[in-house]
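Enquirer: What follows is a structure written as structure tokens; I'll ask about it next.
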Amino acid sequence: MKTWFEYFKFNAANRSEIPWETSIEIEPNLRNPLIRSLQRFQVGESGEGKHLRKQAASTNDPIYEATIDLFIKEEQEHARLMAEILKRLDAPLLKSHWSDFCFIMLRRLFGLHQELLVLLVPEIIAKRYFRALRDGVENKLLKAVFAQILHDEEGHLAFHIDYLQCAFASLSLTKRILARVLWRIIFRAACIVVILDHSAVLRAARVSPQEFWWDCGLIFDEVAANIFSCAPTPAFAKAILGFKLQ
């Protein structure tokens with residue numbers, strides 16, 4: 001975990017340069033769908049993470065607890081970036097959204113390991129979502145923001161994969177299969193909600209619902225395979241970070 005703590009510290013100190021001096025000029029068919037979609041994602045990234053911090057503290061691992069704190073701060077930085085975009089688009093911030101409320105309630109029903117699995121559901125979807133936005137806009141400022149968030153999401157997935165693989169290492173094959181099946185059901189339900197709620201911006205970014213569904217499934221399968229693998233070190237995490245995990 002010490003390597004992950006250093007990773008998040010490094011990432012916080014080495015952010016990509018965002019050209020805030022650039023005005024946001026986007027296609028008329030993208031503007032309103034983007035505003036509506038970012039408002040909902042911004043709410044989900046702006047939480048204080050009190051329950052997750054409490055769960056991390058219960059591990060009695062000060063390094064993991066400190067790393068979770070840096071992870072939450074990075075999520076809050078995403079909320080700040082999206083809030084800045086919405087401000088420049090003269091759009092208000094949402095105080096709450098039913099989908100975020102449902103995820104919060106679901107996460108609070110379980111212990112740390114199960115909460116992290118629920119947390120990973122929007123993280124996996126966000127990876128495909130922000131890739132769609134990065135590739136679907138021409139504006140330099142927007143592209144830089146979405147690229148930074150996408151980069152961070154890669155690290156988030158790898159961090160949680162590394163922890164959960166160790167946590168589930170002692171599970172029997174039957175329990176691994178059951179956990180993966182139940183997790184996939186929750187994930188696919190969330191995919192349906194996102195596709196229905198964000199279809200307009202996905203279409204404007206030239207990503208069909210079928211493509212988004214398929215690509216999210218591929219990312220899920222890769223993440224799940226690493227979490228429930230018996231290998232000592234997730235190759236997925238090593239490939240993203242480029243250095244050996246400890």
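Every chain in the structure tokens has a letter given in the order shown (A, B, ...), and although residue numbers restart at 1 in each chain, ligands are simply numbered from 1 in the order shown.
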Report as JSON lines: every residue of stretch 1-73 of chain A with an atom at most 7 Å from stretch 135-148 of chain A, its closest pair of atoms, and their distance in Å to one decimal, counting only C-alpha atoms, with rows sorted by chain and ascending residue number.
Expert:
{"residue": "A:Ser16", "atom": "CA", "partner": "A:Gln148", "partner_atom": "CA", "distance": 6.4}
{"residue": "A:Ile18", "atom": "CA", "partner": "A:Ala144", "partner_atom": "CA", "distance": 5.8}
{"residue": "A:Pro19", "atom": "CA", "partner": "A:Leu141", "partner_atom": "CA", "distance": 5.5}
{"residue": "A:Trp20", "atom": "CA", "partner": "A:Leu141", "partner_atom": "CA", "distance": 6.4}
{"residue": "A:Thr22", "atom": "CA", "partner": "A:Leu141", "partner_atom": "CA", "distance": 6.2}
{"residue": "A:Ile24", "atom": "CA", "partner": "A:Asn139", "partner_atom": "CA", "distance": 6.5}
{"residue": "A:Glu25", "atom": "CA", "partner": "A:Asn139", "partner_atom": "CA", "distance": 6.3}
{"residue": "A:Ile26", "atom": "CA", "partner": "A:Asn139", "partner_atom": "CA", "distance": 6.5}
Enquirer: Produce a file of the selected residues containing N, CA and C atoms, as a JSON list (two decimals), in the first residue's frame.
Expert:
[["chain", "number", "residue", "atom", "x", "y", "z"],
["A", 16, "SER", "N", -2.05, 17.44, -15.03],
["A", 16, "SER", "CA", -1.92, 17.97, -16.40],
["A", 16, "SER", "C", -2.31, 19.43, -16.42],
["A", 18, "ILE", "N", -4.27, 22.46, -17.49],
["A", 18, "ILE", "CA", -5.58, 22.72, -18.08],
["A", 18, "ILE", "C", -5.58, 24.14, -18.64],
["A", 19, "PRO", "N", -5.86, 24.31, -19.92],
["A", 19, "PRO", "CA", -5.84, 25.66, -20.52],
["A", 19, "PRO", "C", -7.10, 26.46, -20.17],
["A", 20, "TRP", "N", -7.19, 26.90, -18.92],
["A", 20, "TRP", "CA", -8.38, 27.61, -18.47],
["A", 20, "TRP", "C", -8.57, 28.93, -19.19],
["A", 22, "THR", "N", -8.67, 29.24, -22.24],
["A", 22, "THR", "CA", -9.40, 28.94, -23.46],
["A", 22, "THR", "C", -10.90, 28.97, -23.20],
["A", 24, "ILE", "N", -14.85, 27.99, -23.81],
["A", 24, "ILE", "CA", -15.52, 26.73, -24.13],
["A", 24, "ILE", "C", -16.50, 26.97, -25.27],
["A", 25, "GLU", "N", -16.13, 26.49, -26.42],
["A", 25, "GLU", "CA", -17.01, 26.57, -27.59],
["A", 25, "GLU", "C", -17.30, 25.16, -28.07],
["A", 26, "ILE", "N", -18.54, 24.75, -27.96],
["A", 26, "ILE", "CA", -18.92, 23.39, -28.33],
["A", 26, "ILE", "C", -20.13, 23.42, -29.26]]
Enquirer: Tell me which protein, DNA and RNA residues are within 9 Å of stretch 76-81 of chain A, counting only C-alpha atoms, leaving out same-chain ones fewer than 4 positions away, and put them as a list of chain:residue names.
Expert: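 Residues meeting the cut-off are A:Phe41, A:Gln42, A:Val43, A:Gly44, A:Glu45, A:Ser46, A:Gly47, A:Glu48, A:Phe71, A:Ile72, A:Ile85, A:Leu86, A:Val145, A:Gln148, A:Ile149, A:Asp152.
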Enquirer: Tell me, which residues of stretch 40-107 of chain A carry DSSP helix (DSSP H, G or I), written as a compact mmCIF listing (two decimals) with N, CA and C atoms, in the first residue's frame?
Expert:
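Saved the output as selection.txt:
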# COMPACT_ATOMS: atom_id res chain seq x y z
N ARG A 40 -24.92 15.59 -13.22
CA ARG A 40 -25.16 14.35 -12.49
C ARG A 40 -23.88 13.68 -12.05
N PHE A 41 -22.88 13.67 -12.91
CA PHE A 41 -21.60 13.09 -12.53
C PHE A 41 -20.90 13.93 -11.47
N GLN A 42 -21.06 15.24 -11.55
CA GLN A 42 -20.42 16.13 -10.58
C GLN A 42 -20.91 15.87 -9.17
N VAL A 43 -22.21 15.60 -9.03
CA VAL A 43 -22.77 15.29 -7.71
C VAL A 43 -22.11 14.04 -7.13
N GLY A 44 -21.95 13.02 -7.98
CA GLY A 44 -21.39 11.76 -7.51
C GLY A 44 -19.94 11.85 -7.07
N GLU A 45 -19.22 12.83 -7.60
CA GLU A 45 -17.79 12.96 -7.27
C GLU A 45 -17.54 13.91 -6.10
N LYS A 50 -17.17 10.16 4.13
CA LYS A 50 -17.07 9.90 5.57
C LYS A 50 -17.19 8.41 5.89
N HIS A 51 -18.13 7.73 5.25
CA HIS A 51 -18.34 6.32 5.56
C HIS A 51 -17.15 5.49 5.09
N LEU A 52 -16.63 5.80 3.90
CA LEU A 52 -15.48 5.07 3.39
C LEU A 52 -14.25 5.31 4.26
N ARG A 53 -14.07 6.52 4.72
CA ARG A 53 -12.95 6.82 5.63
C ARG A 53 -13.09 6.02 6.93
N LYS A 54 -14.31 5.92 7.43
CA LYS A 54 -14.55 5.17 8.66
C LYS A 54 -14.23 3.69 8.45
N GLN A 55 -14.63 3.15 7.30
CA GLN A 55 -14.35 1.75 7.00
C GLN A 55 -12.84 1.52 6.85
N ALA A 56 -12.17 2.44 6.21
CA ALA A 56 -10.72 2.31 6.05
C ALA A 56 -10.01 2.36 7.40
N ALA A 57 -10.51 3.19 8.30
CA ALA A 57 -9.91 3.30 9.63
C ALA A 57 -10.05 1.99 10.40
N PRO A 62 -2.71 2.40 8.95
CA PRO A 62 -2.63 3.85 8.75
C PRO A 62 -2.25 4.25 7.32
N ILE A 63 -1.45 3.42 6.65
CA ILE A 63 -1.06 3.75 5.28
C ILE A 63 -2.26 3.62 4.34
N TYR A 64 -3.04 2.54 4.51
CA TYR A 64 -4.23 2.38 3.68
C TYR A 64 -5.23 3.50 3.96
N GLU A 65 -5.39 3.83 5.23
CA GLU A 65 -6.30 4.91 5.60
C GLU A 65 -5.88 6.23 4.96
N ALA A 66 -4.59 6.52 4.97
CA ALA A 66 -4.09 7.75 4.37
C ALA A 66 -4.24 7.73 2.85
N THR A 67 -4.08 6.55 2.26
CA THR A 67 -4.23 6.42 0.82
C THR A 67 -5.67 6.62 0.39
N ILE A 68 -6.61 6.07 1.16
CA ILE A 68 -8.03 6.29 0.88
C ILE A 68 -8.36 7.77 0.96
N ASP A 69 -7.76 8.47 1.90
CA ASP A 69 -7.98 9.90 2.03
C ASP A 69 -7.53 10.63 0.76
N LEU A 70 -6.37 10.24 0.22
CA LEU A 70 -5.87 10.86 -1.02
C LEU A 70 -6.77 10.50 -2.20
N PHE A 71 -7.27 9.28 -2.22
CA PHE A 71 -8.19 8.86 -3.27
C PHE A 71 -9.45 9.72 -3.25
N ILE A 72 -10.02 9.94 -2.08
CA ILE A 72 -11.23 10.75 -1.95
C ILE A 72 -10.96 12.19 -2.39
N LYS A 73 -9.82 12.71 -2.02
CA LYS A 73 -9.47 14.08 -2.43
C LYS A 73 -9.34 14.18 -3.95
N GLU A 74 -8.86 13.12 -4.58
CA GLU A 74 -8.75 13.13 -6.04
C GLU A 74 -10.14 13.11 -6.67
N GLU A 75 -11.07 12.36 -6.07
CA GLU A 75 -12.45 12.37 -6.55
C GLU A 75 -13.05 13.77 -6.40
N GLN A 76 -12.76 14.41 -5.28
CA GLN A 76 -13.27 15.76 -5.07
C GLN A 76 -12.67 16.75 -6.05
N GLU A 77 -11.44 16.49 -6.47
CA GLU A 77 -10.82 17.33 -7.50
C GLU A 77 -11.56 17.18 -8.83
N HIS A 78 -12.03 15.97 -9.13
CA HIS A 78 -12.84 15.78 -10.33
C HIS A 78 -14.12 16.61 -10.23
N ALA A 79 -14.73 16.61 -9.06
CA ALA A 79 -15.95 17.40 -8.86
C ALA A 79 -15.66 18.88 -9.08
N ARG A 80 -14.49 19.32 -8.61
CA ARG A 80 -14.12 20.74 -8.79
C ARG A 80 -13.93 21.07 -10.26
N LEU A 81 -13.27 20.17 -11.00
CA LEU A 81 -13.05 20.40 -12.43
C LEU A 81 -14.37 20.48 -13.18
N MET A 82 -15.28 19.55 -12.89
CA MET A 82 -16.57 19.57 -13.57
C MET A 82 -17.40 20.78 -13.16
N ALA A 83 -17.28 21.19 -11.90
CA ALA A 83 -18.00 22.39 -11.44
C ALA A 83 -17.49 23.62 -12.18
N GLU A 84 -16.20 23.68 -12.42
CA GLU A 84 -15.63 24.82 -13.15
C GLU A 84 -16.14 24.85 -14.59
N ILE A 85 -16.25 23.68 -15.20
CA ILE A 85 -16.78 23.62 -16.57
C ILE A 85 -18.24 24.10 -16.57
N LEU A 86 -19.03 23.61 -15.64
CA LEU A 86 -20.44 24.00 -15.57
C LEU A 86 -20.59 25.50 -15.32
N LYS A 87 -19.71 26.04 -14.50
CA LYS A 87 -19.73 27.47 -14.24
C LYS A 87 -19.48 28.25 -15.52
N ARG A 88 -18.52 27.79 -16.32
CA ARG A 88 -18.20 28.48 -17.57
C ARG A 88 -19.29 28.30 -18.62
N TRP A 98 -30.97 11.38 -7.49
CA TRP A 98 -31.46 10.11 -6.95
C TRP A 98 -30.49 8.95 -7.17
N SER A 99 -29.78 8.94 -8.31
CA SER A 99 -28.86 7.84 -8.59
C SER A 99 -27.69 7.83 -7.61
N ASP A 100 -27.19 9.02 -7.29
CA ASP A 100 -26.10 9.12 -6.31
C ASP A 100 -26.58 8.69 -4.93
N PHE A 101 -27.79 9.08 -4.58
CA PHE A 101 -28.36 8.69 -3.28
C PHE A 101 -28.47 7.16 -3.18
N CYS A 102 -28.91 6.52 -4.26
CA CYS A 102 -29.05 5.06 -4.25
C CYS A 102 -27.70 4.37 -4.05
N PHE A 103 -26.66 4.87 -4.71
CA PHE A 103 -25.33 4.27 -4.56
C PHE A 103 -24.81 4.46 -3.14
N ILE A 104 -25.05 5.62 -2.57
CA ILE A 104 -24.59 5.88 -1.20
C ILE A 104 -25.27 4.93 -0.22
N MET A 105 -26.58 4.76 -0.36
CA MET A 105 -27.33 3.87 0.53
C MET A 105 -26.87 2.42 0.37
N LEU A 106 -26.62 2.01 -0.88
CA LEU A 106 -26.18 0.64 -1.13
C LEU A 106 -24.81 0.38 -0.52
N ARG A 107 -23.90 1.34 -0.66
CA ARG A 107 -22.56 1.17 -0.11
C ARG A 107 -22.57 1.06 1.41
Enquirer: Go through A:Val118, A:Leu112, A:Ile35, A:Ala126 and flag the residue nearest A:Ala167, using only C-alpha atoms for the distances.
Expert: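 Using only C-alpha atoms, A:Ala167 sits closest to A:Leu112.
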Enquirer: Have a look at atom CA of A:Leu30 and atom CA of A:Val201 and let me know their distance in Å, one decimal.
Expert: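 Straight-line distance from atom CA of A:Leu30 to atom CA of A:Val201 works out to 6.4 Å.
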Enquirer: With distances taken over only C-alpha atoms, which residue among A:Leu109, A:Leu117, A:Leu93, A:Leu133 lies nearest A:Pro33?
Expert: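 Once distances to A:Pro33 are computed over only C-alpha atoms, the minimum belongs to A:Leu133.
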Enquirer: Using only C-alpha atoms, find the one residue out of A:Arg31, A:Ile125, A:Leu218, A:His113 that sits nearest to A:Asp90.
Expert: A:Arg31
Enquirer: Give me the residues within 12 Å of A:Phe212 as number ranges by chain, counting only C-alpha atoms and dropping any in the same chain fewer than 6 places off.
Expert: A: 124-133, 188, 191-192, 194-196, 198-199, 201-203, 205-206, 218-219
Enquirer: Rounded to one decimal, what separation in Å do you get between atom CA of A:Ala158 and atom CA of A:Tyr7?
Expert: 11.2 Å
Enquirer: Point out the residue among A:Ala190, A:Gly111, A:Thr174, A:Glu211 with the least atom-to-atom distance to A:Thr59, counting only C-alpha atoms.
Expert: A:Gly111
Enquirer: Show me, as a list in words, the residues that have an atom within 7 Å of A:Asn226 when counting only C-alpha atoms, minus same-chain residues fewer than 3 positions from it.
Expert: Ile161, Gln165, Glu222, Val223, Ser229 and Pro234 of chain A
